[in-house]
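So this block is input22.csv, CSV, C-alpha atoms and all ligand atoms:
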chain,number,residue,atom,x,y,z
A,116,MET,CA,61.0,124.3,-120.5
A,117,THR,CA,58.8,126.0,-118.0
A,118,VAL,CA,57.2,129.4,-118.1
A,119,ILE,CA,56.2,131.0,-114.8
A,120,GLY,CA,53.8,134.0,-115.0
A,121,VAL,CA,53.2,136.2,-111.9
A,122,ASP,CA,51.4,139.5,-111.4
A,123,ASP,CA,49.9,141.8,-108.8
A,124,THR,CA,52.1,141.1,-105.8
A,125,ASP,CA,53.1,144.7,-105.2
A,126,SER,CA,51.9,147.6,-103.2
A,127,ARG,CA,52.5,151.2,-103.6
A,128,ASP,CA,51.9,151.9,-99.9
A,129,HIS,CA,53.7,148.9,-98.5
A,130,GLY,CA,56.7,149.1,-100.7
A,131,MET,CA,57.0,146.1,-103.0
A,132,CYS,CA,57.5,145.4,-106.6
A,133,THR,CA,56.6,142.3,-108.6
A,134,THR,CA,59.9,142.6,-110.5
A,135,TYR,CA,61.7,142.1,-107.1
A,136,LEU,CA,59.7,139.0,-106.4
A,137,ALA,CA,60.5,137.6,-109.9
A,138,ALA,CA,64.2,138.4,-109.4
A,139,ARG,CA,64.3,136.6,-106.1
A,140,LEU,CA,62.4,133.6,-107.5
A,141,ALA,CA,64.7,133.5,-110.6
A,142,SER,CA,67.8,133.3,-108.4
A,143,GLN,CA,66.3,130.2,-106.7
A,144,LEU,CA,65.6,128.3,-110.0
A,145,ASN,CA,67.9,126.3,-112.2
A,146,ALA,CA,68.9,127.4,-115.7
A,147,VAL,CA,66.8,130.6,-116.1
A,148,THR,CA,66.9,131.6,-119.8
A,149,ARG,CA,65.4,135.0,-119.2
A,150,VAL,CA,63.1,137.1,-117.0
A,151,VAL,CA,60.5,139.0,-119.0
A,152,LEU,CA,58.9,142.2,-117.7
A,153,VAL,CA,55.6,142.9,-119.5
A,154,ARG,CA,53.9,146.2,-119.2
A,155,LEU,CA,50.2,145.6,-119.6
A,156,HIS,CA,47.1,147.8,-119.9
A,157,PRO,CA,46.4,149.1,-116.4
A,158,ALA,CA,43.9,146.7,-114.9
A,159,VAL,CA,42.7,149.1,-112.2
A,160,GLU,CA,42.8,152.8,-111.7
A,161,HIS,CA,45.5,152.9,-109.0
A,162,LYS,CA,48.0,151.0,-111.2
A,163,THR,CA,47.7,153.5,-114.1
A,164,ARG,CA,51.4,154.3,-114.1
A,165,GLY,CA,52.8,151.0,-115.2
A,166,ASN,CA,51.1,147.7,-114.6
A,167,ALA,CA,53.9,145.1,-114.8
A,168,ALA,CA,53.6,141.4,-115.1
A,169,LEU,CA,56.6,139.0,-115.0
A,170,ALA,CA,57.5,135.8,-116.8
A,171,ILE,CA,60.4,133.5,-115.9
A,172,HIS,CA,61.6,131.2,-118.6
A,173,THR,CA,63.5,128.3,-116.9
A,174,GLU,CA,64.6,124.7,-117.3
A,175,THR,CA,63.3,123.8,-113.8
A,176,PRO,CA,60.4,121.4,-114.4
A,177,ALA,CA,56.9,122.9,-114.0
A,178,GLU,CA,55.8,121.2,-110.8
A,179,PRO,CA,58.8,122.1,-108.6
A,180,ALA,CA,58.8,125.6,-110.2
A,181,PHE,CA,55.1,126.0,-109.3
A,182,ALA,CA,55.8,124.9,-105.7
A,183,GLN,CA,58.8,127.3,-105.4
A,184,ALA,CA,56.8,130.2,-106.9
A,185,ARG,CA,53.9,129.6,-104.5
A,186,ALA,CA,56.3,129.6,-101.6
A,187,GLU,CA,57.8,132.9,-102.7
A,188,LEU,CA,54.4,134.5,-103.2
A,189,ASP,CA,53.3,133.3,-99.8
A,190,ALA,CA,56.4,134.8,-98.3
A,191,ILE,CA,56.6,138.3,-99.8
A,192,ALA,CA,53.5,139.2,-101.9
A,193,LYS,CA,51.9,142.2,-100.2
A,194,THR,CA,48.5,140.6,-99.7
A,195,GLU,CA,47.8,142.9,-96.7
A,196,ASP,CA,47.3,145.7,-99.3
A,197,PRO,CA,43.5,145.8,-100.0
A,198,GLN,CA,44.3,146.5,-103.7
A,199,THR,CA,46.7,143.6,-104.2
A,200,HIS,CA,45.3,140.3,-105.5
A,201,PRO,CA,48.3,138.1,-106.6
A,202,GLY,CA,48.1,135.5,-109.4
A,203,LEU,CA,50.4,132.8,-110.6
A,204,VAL,CA,50.3,130.7,-113.8
A,205,VAL,CA,52.8,128.0,-114.7
A,206,THR,CA,53.1,126.0,-117.9
A,207,PRO,CA,55.4,123.1,-118.9
A,208,GLU,CA,55.9,124.5,-122.4
A,209,ALA,CA,58.6,126.4,-124.2
A,210,PRO,CA,57.9,130.1,-124.2
A,211,SER,CA,57.6,130.2,-128.0
A,212,THR,CA,55.2,127.3,-128.2
A,213,VAL,CA,52.3,128.5,-126.0
A,214,PRO,CA,49.0,128.1,-127.8
A,215,ALA,CA,47.7,130.9,-130.0
A,216,THR,CA,44.8,131.7,-127.6
A,217,VAL,CA,47.4,132.5,-124.9
A,218,THR,CA,49.5,134.6,-127.2
A,219,GLU,CA,46.4,136.5,-128.4
A,220,TYR,CA,45.3,137.0,-124.8
A,221,ALA,CA,48.7,138.6,-124.1
A,222,ARG,CA,48.4,140.9,-127.1
A,223,THR,CA,45.0,142.0,-126.0
A,224,ALA,CA,46.1,142.5,-122.4
A,225,MET,CA,48.5,145.2,-123.5
A,226,ARG,CA,45.7,147.2,-125.1
A,227,ALA,CA,42.5,146.7,-123.2
A,228,HIS,CA,41.0,145.6,-119.9
A,229,LEU,CA,40.5,141.9,-119.5
A,230,THR,CA,38.4,139.9,-117.1
A,231,LEU,CA,39.5,137.3,-114.6
A,232,ASP,CA,36.8,135.0,-116.0
A,233,ASP,CA,38.5,135.0,-119.4
A,234,ALA,CA,41.8,134.2,-117.8
A,235,ARG,CA,40.4,131.4,-115.8
A,236,GLU,CA,38.8,129.8,-118.8
A,237,ILE,CA,42.1,129.8,-120.8
A,238,ILE,CA,44.0,128.5,-117.7
A,239,ARG,CA,41.5,125.6,-117.4
A,240,ALA,CA,41.4,124.8,-121.1
A,241,ASN,CA,45.2,124.4,-121.1
A,242,ASN,CA,45.5,122.6,-117.8
A,243,TYR,CA,48.0,125.2,-116.5
A,244,PHE,CA,49.1,125.2,-112.9
A,245,ALA,CA,47.6,128.3,-111.4
A,246,GLN,CA,46.8,129.9,-108.1
A,247,GLY,CA,45.2,133.1,-107.1
A,248,TRP,CA,45.5,134.9,-103.7
A,249,LYS,CA,42.5,136.8,-102.4
A,250,HIS,CA,40.4,137.8,-105.6
A,251,GLY,CA,43.2,136.3,-107.7
A,252,ARG,CA,43.0,139.1,-110.2
A,253,GLY,CA,46.8,138.8,-110.8
A,254,GLN,CA,46.1,135.7,-112.9
A,255,ILE,CA,45.1,138.0,-115.7
A,256,GLY,CA,48.6,139.5,-115.9
A,257,ALA,CA,50.3,136.2,-115.1
A,258,LEU,CA,48.6,134.5,-118.0
A,259,ALA,CA,49.4,137.5,-120.3
A,260,ALA,CA,53.1,137.3,-119.2
A,261,VAL,CA,53.1,133.6,-120.1
A,262,GLY,CA,51.8,134.4,-123.6
A,263,ALA,CA,53.9,137.5,-124.2
A,264,TRP,CA,57.1,136.0,-125.7
A,265,PRO,CA,55.6,135.0,-129.1
A,266,ALA,CA,53.2,137.9,-129.1
A,267,LEU,CA,55.8,140.6,-129.7
A,268,ASP,CA,58.9,141.0,-131.8
A,269,ASP,CA,60.3,144.3,-130.4
A,270,TRP,CA,62.0,143.8,-127.0
A,271,THR,CA,64.3,146.1,-125.0
A,272,TYR,CA,66.2,145.6,-121.7
A,273,GLU,CA,66.2,146.9,-118.2
A,274,LEU,CA,68.8,146.2,-115.6
A,275,ILE,CA,67.2,146.8,-112.2
A,276,ALA,CA,69.3,147.1,-109.0
A,277,TYR,CA,67.5,146.5,-105.7
A,278,ARG,CA,68.2,147.9,-102.3
A,279,GLU,CA,69.0,146.1,-99.1
A,280,PRO,CA,65.7,145.4,-97.4
A,281,ASP,CA,66.6,147.4,-94.3
A,282,ARG,CA,67.1,150.5,-96.5
A,283,TRP,CA,63.6,150.3,-98.1
A,284,GLY,CA,61.6,153.5,-97.4
A,285,THR,CA,64.8,155.5,-96.6
A,286,PRO,CA,66.3,158.1,-99.0
A,287,ARG,CA,68.3,156.5,-101.8
A,288,THR,CA,72.0,157.2,-101.9
A,289,VAL,CA,72.8,157.6,-105.6
A,290,ASP,CA,75.2,160.2,-107.0
A,291,THR,CA,73.3,162.1,-109.7
A,292,GLU,CA,76.4,163.5,-111.2
A,293,SER,CA,77.8,160.0,-111.8
A,294,VAL,CA,74.5,158.9,-113.3
A,295,ILE,CA,74.4,161.8,-115.7
A,296,ALA,CA,78.0,161.2,-116.8
A,297,VAL,CA,77.5,157.5,-117.4
A,298,ALA,CA,74.2,158.1,-119.1
A,299,ASP,CA,75.8,160.6,-121.5
A,300,ALA,CA,78.5,158.1,-122.4
A,301,ALA,CA,76.0,155.2,-123.0
A,302,TYR,CA,73.4,157.2,-125.0
A,303,PRO,CA,71.6,156.2,-127.2
A,304,ALA,CA,72.2,152.4,-126.5
A,305,ALA,CA,70.8,153.2,-123.0
A,306,TRP,CA,68.0,155.7,-122.9
A,307,ASP,CA,65.7,157.5,-120.4
A,308,THR,CA,68.4,157.1,-117.7
A,309,VAL,CA,68.4,160.8,-117.1
A,310,ASP,CA,66.5,163.9,-118.2
A,311,ARG,CA,69.4,166.3,-119.1
A,312,GLU,CA,67.2,169.4,-119.3
A,313,GLU,CA,65.6,168.8,-115.9
A,314,GLY,CA,68.9,167.5,-114.4
A,315,GLU,CA,67.1,164.5,-113.1
A,316,ALA,CA,68.1,160.9,-112.7
A,317,VAL,CA,65.0,159.4,-114.2
A,318,CYS,CA,66.3,155.9,-113.5
A,319,VAL,CA,66.0,156.4,-109.7
A,320,PRO,CA,62.4,156.0,-108.5
A,321,ASN,CA,60.8,158.1,-105.7
A,322,THR,CA,58.5,155.4,-104.4
A,323,PRO,CA,59.2,153.5,-101.2
A,324,GLY,CA,59.8,150.2,-102.9
A,325,PRO,CA,62.9,148.0,-103.3
A,326,VAL,CA,64.2,149.4,-106.6
A,327,LEU,CA,67.5,151.4,-106.4
A,328,TYR,CA,67.6,152.2,-110.1
A,329,GLY,CA,66.6,150.8,-113.4
A,330,ILE,CA,68.7,151.2,-116.6
A,331,ARG,CA,66.9,150.9,-119.9
A,332,GLY,CA,68.2,150.4,-123.4
A,333,ASP,CA,68.4,148.3,-126.5
A,334,ASN,CA,71.7,146.6,-125.6
A,335,PRO,CA,71.9,144.3,-122.6
A,336,ALA,CA,75.7,144.7,-122.2
A,337,VAL,CA,75.4,148.5,-122.2
A,338,VAL,CA,72.7,148.6,-119.6
A,339,GLU,CA,74.7,146.3,-117.4
A,340,SER,CA,77.9,148.4,-117.8
A,341,VAL,CA,75.9,151.6,-117.0
A,342,ALA,CA,74.7,150.0,-113.8
A,343,ALA,CA,78.2,148.9,-112.9
A,344,GLU,CA,79.5,152.5,-113.2
A,345,ILE,CA,76.9,154.3,-111.1
A,346,ASP,CA,78.2,155.6,-107.8
A,347,SER,CA,75.6,154.5,-105.2
A,348,GLU,CA,74.8,152.6,-102.0
A,349,PRO,CA,75.6,148.9,-102.6
A,350,PRO,CA,72.8,147.1,-104.4
A,351,ALA,CA,71.5,143.9,-102.7
A,352,ARG,CA,70.8,142.2,-106.0
A,353,GLU,CA,70.5,143.0,-109.7
A,354,GLN,CA,68.4,141.4,-112.4
A,355,LEU,CA,68.4,141.9,-116.2
A,356,PHE,CA,64.9,141.9,-117.7
A,357,VAL,CA,63.8,141.5,-121.3
A,358,THR,CA,60.8,143.9,-121.6
A,359,ASN,CA,58.2,145.5,-123.9
A,360,GLN,CA,59.1,148.9,-122.3
A,361,GLY,CA,59.8,151.6,-124.8
A,362,THR,CA,58.0,149.8,-127.7
A,363,ASP,CA,54.6,151.4,-128.1
A,364,ALA,CA,53.0,148.0,-127.7
A,365,HIS,CA,49.9,149.7,-126.2
A,366,LEU,CA,49.0,151.7,-129.3
A,367,ARG,CA,46.3,150.8,-131.7
A,368,THR,CA,45.6,152.5,-135.0
A,369,ALA,CA,42.0,153.7,-134.8
A,370,ALA,CA,39.5,151.6,-136.6
A,371,SER,CA,36.5,153.1,-138.4
A,372,GLU,CA,34.8,153.9,-135.1
A,373,PRO,CA,35.1,156.7,-132.5
A,374,VAL,CA,37.9,156.4,-129.9
A,375,ARG,CA,37.0,154.8,-126.6
A,376,ASP,CA,38.1,155.6,-123.1
A,377,GLY,CA,40.8,153.5,-121.6
A,378,ARG,CA,42.5,152.7,-124.9
A,379,ALA,CA,45.7,154.1,-126.5
A,380,TYR,CA,45.8,155.2,-130.1
A,381,ARG,CA,47.8,156.5,-133.0
A,382,LEU,CA,45.5,158.9,-134.8
A,383,THR,CA,45.9,161.2,-137.7
A,384,GLY,CA,43.9,164.4,-138.2
A,385,ILE,CA,43.8,168.2,-138.5
A,386,VAL,CA,44.0,170.7,-135.7
A,387,ILE,CA,40.6,172.4,-135.4
A,388,GLU,CA,40.9,174.2,-132.1
A,389,PRO,CA,44.1,176.1,-131.3
A,390,PRO,CA,46.2,175.2,-128.2
A,391,ASP,CA,44.8,176.6,-125.0
A,392,THR,CA,46.9,176.7,-121.8
A,393,ARG,CA,44.5,176.1,-118.8
A,394,PRO,CA,44.9,176.5,-115.1
A,395,GLY,CA,47.7,174.2,-113.8
A,396,GLY,CA,49.7,174.7,-117.1
A,397,HIS,CA,48.0,171.9,-119.1
A,398,VAL,CA,47.7,172.6,-122.8
A,399,PHE,CA,44.7,171.5,-124.7
A,400,PHE,CA,43.8,171.5,-128.5
A,401,SER,CA,41.3,169.6,-130.6
A,402,LEU,CA,42.0,167.4,-133.6
A,403,GLU,CA,39.6,166.2,-136.2
A,404,THR,CA,40.1,162.7,-137.6
A,405,SER,CA,38.1,161.0,-140.3
A,406,THR,CA,35.7,159.6,-137.7
A,407,ASP,CA,36.0,161.9,-134.7
A,408,SER,CA,36.8,165.1,-133.0
A,409,VAL,CA,39.3,164.4,-130.2
A,410,GLU,CA,40.5,166.7,-127.5
A,411,CYS,CA,44.2,166.3,-126.9
A,412,VAL,CA,46.2,167.4,-123.8
A,413,ALA,CA,49.8,167.9,-122.8
A,414,PHE,CA,49.8,167.9,-119.0
A,415,GLU,CA,52.0,170.2,-117.0
A,416,PRO,CA,54.5,167.4,-116.0
A,417,THR,CA,55.3,167.0,-119.8
A,418,LYS,CA,57.3,170.2,-119.3
A,419,ARG,CA,59.0,171.5,-122.4
A,420,PHE,CA,57.0,169.3,-124.7
A,421,ARG,CA,54.2,171.8,-124.1
A,422,ASP,CA,56.1,174.4,-126.0
A,423,HIS,CA,55.8,172.3,-129.2
A,424,VAL,CA,52.1,171.8,-128.5
A,425,ARG,CA,51.6,175.5,-128.0
A,426,SER,CA,53.2,176.1,-131.4
A,427,LEU,CA,50.4,174.2,-133.2
A,428,ARG,CA,47.9,176.2,-135.3
A,429,VAL,CA,44.5,175.4,-136.7
A,430,GLY,CA,45.0,173.6,-140.0
A,431,ASP,CA,48.1,171.7,-139.0
A,432,GLU,CA,48.0,168.0,-139.9
A,433,LEU,CA,49.2,165.7,-137.2
A,434,THR,CA,49.5,162.1,-136.0
A,435,VAL,CA,49.0,161.9,-132.2
A,436,CYS,CA,49.8,159.1,-129.8
A,437,GLY,CA,48.4,158.6,-126.4
A,438,GLU,CA,45.7,157.1,-124.2
A,439,VAL,CA,42.2,158.3,-124.1
A,440,SER,CA,40.5,158.9,-120.7
A,441,ASP,CA,37.5,161.0,-120.0
A,442,GLY,CA,37.3,161.6,-123.8
A,443,THR,CA,40.7,163.3,-123.8
A,444,LEU,CA,43.9,161.9,-125.5
A,445,LYS,CA,46.9,162.3,-123.2
A,446,LEU,CA,49.7,163.1,-125.6
A,447,GLU,CA,52.9,160.9,-125.5
A,448,LYS,CA,54.2,162.1,-128.8
A,449,PHE,CA,53.0,163.6,-132.1
A,450,ALA,CA,54.2,163.9,-135.7
A,451,VAL,CA,53.8,167.1,-137.7
A,452,ARG,CA,52.6,165.8,-141.1
A,453,ALA,CA,51.9,169.3,-142.7
A,454,LEU,CA,52.1,172.7,-141.3
A,455,GLN,CA,49.8,175.6,-142.0
A,456,GLU,CA,52.5,177.8,-143.6
A,457,THR,CA,50.4,180.8,-144.5
A,458,LYS,CA,47.4,182.8,-143.2
A,459,GLN,CA,44.9,184.9,-145.2
A,460,VAL,CA,45.3,188.6,-144.7
A,461,PRO,CA,43.9,191.8,-146.4
A,462,PRO,CA,46.1,192.7,-149.4
A,463,SER,CA,48.6,195.6,-149.3
A,464,CYS,CA,48.0,198.6,-151.4
A,465,PRO,CA,50.2,198.4,-154.5
A,466,VAL,CA,50.8,202.2,-154.4
A,467,CYS,CA,51.4,203.2,-150.7
A,468,GLY,CA,52.0,199.7,-149.3
A,469,ARG,CA,49.6,200.0,-146.4
A,470,SER,CA,47.2,197.3,-145.6
A,471,MET,CA,43.9,197.7,-147.4
A,472,GLU,CA,40.6,197.8,-145.5
A,473,SER,CA,37.4,196.0,-146.1
A,474,ALA,CA,35.1,197.8,-148.5
A,475,GLY,CA,32.1,196.1,-146.9
A,476,ALA,CA,30.6,192.7,-147.1
A,477,THR,CA,31.4,191.0,-150.4
A,478,GLN,CA,32.8,194.3,-151.6
A,479,GLY,CA,36.5,193.3,-151.4
A,480,TYR,CA,39.3,195.6,-150.1
A,481,ARG,CA,40.3,199.1,-150.8
A,482,CYS,CA,42.9,201.8,-149.9
A,483,ARG,CA,41.1,205.0,-149.1
A,484,ASP,CA,44.1,207.2,-149.8
A,485,CYS,CA,45.0,205.8,-153.2
A,486,ASN,CA,41.6,204.6,-154.3
A,487,GLU,CA,43.1,201.1,-155.1
A,488,HIS,CA,40.8,198.1,-154.9
A,489,ALA,CA,41.3,194.3,-154.5
A,490,GLU,CA,38.8,191.4,-154.6
A,491,SER,CA,40.0,189.1,-151.8
A,492,LYS,CA,42.5,188.4,-149.0
A,493,VAL,CA,46.0,187.1,-149.9
A,494,PRO,CA,48.2,184.4,-148.3
A,495,GLU,CA,51.0,185.7,-146.0
A,496,PRO,CA,53.7,183.4,-144.8
A,497,ILE,CA,53.7,182.5,-141.0
A,498,ALA,CA,56.9,182.0,-139.1
A,499,ARG,CA,56.6,178.5,-137.5
A,500,ASP,CA,58.6,177.1,-134.6
A,501,LEU,CA,57.8,173.5,-135.6
A,502,GLU,CA,59.3,171.3,-138.4
A,503,PRO,CA,57.8,168.2,-139.9
A,504,GLY,CA,58.4,165.0,-137.9
A,505,TRP,CA,58.0,163.5,-134.5
A,506,TYR,CA,58.1,165.3,-131.1
A,507,GLU,CA,57.9,163.5,-127.8
A,508,VAL,CA,57.5,164.1,-124.0
A,509,PRO,CA,60.8,164.3,-122.2
A,510,PRO,CA,62.3,161.3,-120.3
A,511,VAL,CA,61.0,162.7,-117.0
A,512,ALA,CA,57.4,162.3,-118.3
A,513,ARG,CA,57.7,159.1,-120.3
A,514,ARG,CA,55.3,156.2,-119.7
A,515,HIS,CA,57.2,152.9,-119.3
A,516,ILE,CA,55.7,151.4,-122.5
A,517,ALA,CA,56.0,154.5,-124.7
A,518,LYS,CA,58.7,154.2,-127.4
A,519,PRO,CA,61.4,156.9,-127.2
A,520,LEU,CA,62.1,158.5,-130.6
A,521,ILE,CA,65.8,157.8,-130.4
A,522,ARG,CA,65.0,154.1,-130.8
A,523,GLY,CA,64.2,154.8,-134.4
A,524,GLY,CA,61.9,153.1,-136.9
A,525,PHE,CA,59.6,156.1,-137.2
A,526,ASP,CA,58.0,157.2,-140.4
A,527,ALA,CA,59.2,160.8,-140.4
A,528,PRO,CA,62.2,162.8,-139.1
A,529,ILE,CA,62.6,162.7,-135.3
A,530,HIS,CA,63.2,165.4,-132.7
A,531,PRO,CA,64.3,163.3,-129.7
A,532,GLU,CA,64.3,164.5,-126.1
A,533,ARG,CA,67.1,163.4,-123.8
B,1,ZN,ZN,47.4,203.1,-150.9

As a first step, turn the structure in this file into structure tokens.
Amino acid sequence: MTVIGVDDTDSRDHGMCTTYLAARLASQLNAVTRVVLVRLHPAVEHKTRGNAALAIHTETPAEPAFAQARAELDAIAKTEDPQTHPGLVVTPEAPSTVPATVTEYARTAMRAHLTLDDAREIIRANNYFAQGWKHGRGQIGALAAVGAWPALDDWTYELIAYREPDRWGTPRTVDTESVIAVADAAYPAAWDTVDREEGEAVCVPNTPGPVLYGIRGDNPAVVESVAAEIDSEPPAREQLFVTNQGTDAHLRTAASEPVRDGRAYRLTGIVIEPPDTRPGGHVFFSLETSTDSVECVAFEPTKRFRDHVRSLRVGDELTVCGEVSDGTLKLEKFAVRALQETKQVPPSCPVCGRSMESAGATQGYRCRDCNEHAESKVPEPIARDLEPGWYEVPPVARRHIAKPLIRGGFDAPIHPER
């Protein structure tokens, strides 16, 4: 067996996508077992949205596979983009038998920045076939893609349909009505195809690249059948990917240390500052964990998710998930563990029923009319718009790697968005 890893061949401005290169390459090789799309930790700022590395598992021997991959990168990698530094790593191993150091490297690459020096050292130590273009930074992701298969046990699927090259950069012809109808019928085996509330076909990108649409789900047959039923311009090619999308592979449970920028966490704590909607419609609140006080934010593009965030109160116990940057955790989902169900209010007068007034510092409360007296405030129930369990951003705001609630396996009731 041979594993081919490739990364950083794409360009936002010049309209390319590493998945397309991998799909083309896979179609030229013999006996491809699977093509793996691995979402990694963003290596650089401009790739924050979804750094994708690709691995092809094939029976083609490593040496000809390496030659074929080099030719394909030479031909279509967007090296003219100053931000694009392609990398290629090829190993004559079965995907499941790559050394533990490579698997560990893949695990880390989903959760933290890694350096090219580390990648080069592992590539050298294992005598892998490798090549970098320009700075060769893509070898980081390429190596991680090689090690990804044994690193994870939760995988999902994406069927990506690509456009005819002469259509790239022109408006896509996809019938949104047909997408919504097919998405409804295939839910929840296929998810994040559309955002029903926003009426948007989430599966159709807005970027100038080669992707026509991408259908995601837990069942390869279902994502393929969804793609087959969409009414659109004729795709030039299609490729089924096995992927860590929708798995939360990026999240780490906080250790006994303060959170760090550029990492994604699952944190449990108590709301200590109430939600505050700031200019632009972004909603902030603060959470106190056992080690930290963390500001959390639901940005405007998370749309209706912000209503749940605005319903939080000081004292609520939550688990929050998201990436920290500039000291602020960008919420992807949260679980209500315990709600503040009451607030402390002055007692009512037992005679006339009106609210009693403070009788002065440490003097308790009294009713002037009836001369009644009480020592302290009393708890009063609060009407809450939240229930215990998990809330998430809608499909239109989902990060590739974030796990949709509908996939299940959560430790509390779920309130899925679709
Ligand atoms: Zn009274």

Using all atoms listed in the file, find each residue of chain A with at least one atom at most 8 Å away from an atom of ligand ZN 1 (chain B); report its shortest atom-to-atom pair and that distance in Å (one decimal), sort the rows by chain and rising residue number, and return the result as JSON lines.
{"residue": "A:Ser463", "atom": "CA", "partner": "B:ZN1", "partner_atom": "ZN", "distance": 7.8}
{"residue": "A:Cys464", "atom": "CA", "partner": "B:ZN1", "partner_atom": "ZN", "distance": 4.6}
{"residue": "A:Pro465", "atom": "CA", "partner": "B:ZN1", "partner_atom": "ZN", "distance": 6.5}
{"residue": "A:Val466", "atom": "CA", "partner": "B:ZN1", "partner_atom": "ZN", "distance": 5.0}
{"residue": "A:Cys467", "atom": "CA", "partner": "B:ZN1", "partner_atom": "ZN", "distance": 4.0}
{"residue": "A:Gly468", "atom": "CA", "partner": "B:ZN1", "partner_atom": "ZN", "distance": 5.9}
{"residue": "A:Arg469", "atom": "CA", "partner": "B:ZN1", "partner_atom": "ZN", "distance": 5.9}
{"residue": "A:Ser470", "atom": "CA", "partner": "B:ZN1", "partner_atom": "ZN", "distance": 7.9}
{"residue": "A:Met471", "atom": "CA", "partner": "B:ZN1", "partner_atom": "ZN", "distance": 7.3}
{"residue": "A:Cys482", "atom": "CA", "partner": "B:ZN1", "partner_atom": "ZN", "distance": 4.8}
{"residue": "A:Arg483", "atom": "CA", "partner": "B:ZN1", "partner_atom": "ZN", "distance": 6.8}
{"residue": "A:Asp484", "atom": "CA", "partner": "B:ZN1", "partner_atom": "ZN", "distance": 5.4}
{"residue": "A:Cys485", "atom": "CA", "partner": "B:ZN1", "partner_atom": "ZN", "distance": 4.3}
{"residue": "A:Asn486", "atom": "CA", "partner": "B:ZN1", "partner_atom": "ZN", "distance": 6.9}
{"residue": "A:Glu487", "atom": "CA", "partner": "B:ZN1", "partner_atom": "ZN", "distance": 6.3}

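Between A:Thr291 and the candidates A:Ile529, A:Ala316, A:Val150, A:Cys132, the tightest atom-to-atom separation, counting all atoms listed in the file, involves A:Ala316.
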
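Across A:Ile516, A:Ile521, A:Leu402, A:Ala168, the tightest approach to A:Ala364 is made by A:Ile516 when counting all atoms listed in the file.
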
- Rounded to one decimal in Å, what is the spacing between atom CA of A:Gly247 and atom CA of A:Thr124?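 Taking atom CA of A:Gly247 as the start and atom CA of A:Thr124 as the end point, the length is 10.6 Å.
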
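The neighbours of stretch 136-139 of chain A here are the residues that come within 9 Å of it, using all atoms listed in the file and leaving out any residue fewer than 5 positions away in the same chain; they are Val121, Thr124, Asp125, Met131, Val150, Leu169, Ala170, Ile171, Ala184, Glu187, Leu188, Ile191, Ala192, Arg352, Glu353, Gln354 and Leu355 of chain A.
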
- Query: At what distance in Å, to one decimal, does atom CA of A:Leu229 lie from atom CA of A:Glu438?
  - Reply: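 A separation of 16.7 Å between them.
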
- Task: Would you mind reading off the distance between atom CA of A:Ile237 and atom CA of A:Ala260, one decimal, in Å?
- Result: 13.4 Å

- Task: Name all residues at most 10 Å from A:His530 (count only C-alpha atoms; drop same-chain ones fewer than 2 positions away) and give them as JSON, numbers by chain.
- Result: {"A": [450, 502, 503, 504, 505, 506, 507, 520, 521, 527, 528, 532, 533]}

With a cut-off of 12 Å, could you pull out the residues of stretch 429-526 of chain A touching stretch 324-344 of chain A and give me the nearest pair of atoms for each, distance in Å to one decimal, using only C-alpha atoms, ordered by chain and ascending number, as CSV?
residue,atom,partner,partner_atom,distance
A:Pro510,CA,A:Arg331,CA,11.4
A:His515,CA,A:Arg331,CA,9.9
A:Ile516,CA,A:Arg331,CA,11.5
A:Lys518,CA,A:Gly332,CA,11.0
A:Pro519,CA,A:Gly332,CA,10.1
A:Ile521,CA,A:Gly332,CA,10.5
A:Arg522,CA,A:Asp333,CA,8.0
A:Gly523,CA,A:Asp333,CA,11.1

- Taking all atoms listed in the file into account, which of A:Asp269, A:Glu178, A:Asp122, A:Glu236 comes nearest A:Asp363?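 Closest to A:Asp363 of all the choices is A:Asp269.
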
Report, as AutoDock Vina command-line options, the axis-aligned box around all atoms of stretch 293-312 of chain A present in the file, extended by 6 Å on each side; give centre and edge lengths in Å to one decimal place.
--center_x 72.1 --center_y 160.9 --center_z -119.5 --size_x 24.8 --size_y 29.0 --size_z 27.4

- Query: Which residues, written as an NGL selection string, have at least one atom at most 10 Å from A:Glu495, with all atoms listed in the file counted and residues fewer than 5 positions away on the same chain left out?
  - Reply: :A and (456-462)

Could you write those residues out with C-alpha atoms, as a PDB file, in the frame of the given file?
ATOM      1  CA  GLU A 456      52.500 177.800-143.600  1.00  0.00           C
ATOM      2  CA  THR A 457      50.400 180.800-144.500  1.00  0.00           C
ATOM      3  CA  LYS A 458      47.400 182.800-143.200  1.00  0.00           C
ATOM      4  CA  GLN A 459      44.900 184.900-145.200  1.00  0.00           C
ATOM      5  CA  VAL A 460      45.300 188.600-144.700  1.00  0.00           C
ATOM      6  CA  PRO A 461      43.900 191.800-146.400  1.00  0.00           C
ATOM      7  CA  PRO A 462      46.100 192.700-149.400  1.00  0.00           C
TER       8      PRO A 462
END

With all atoms listed in the file as the counted atoms, please give the residues lying no more than 7 Å from A:Ser440, apart from itself and same-chain residues fewer than 3 positions off, as a compact mmCIF listing (two decimals) with C-alpha atoms, in the frame of the given file.
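Wrote it out as around.txt, contents follow:
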# COMPACT_ATOMS: atom_id res chain seq x y z
CA ASP A 376 38.10 155.60 -123.10
CA GLY A 377 40.80 153.50 -121.60
CA THR A 443 40.70 163.30 -123.80
CA LEU A 444 43.90 161.90 -125.50

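Restricting the calculation to only C-alpha atoms, the smallest distance between A:Arg282 and any of A:Ala498, A:Ala351, A:Ala476, A:Val451 is found for A:Ala351.
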
- Query: Pick the closest to A:Thr117 from A:His172, A:Arg393, A:Arg154, A:Arg428: which is it, counting only C-alpha atoms?
  - Reply: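 Going through A:His172, A:Arg393, A:Arg154, A:Arg428 one by one, the smallest distance to A:Thr117 is for A:His172.
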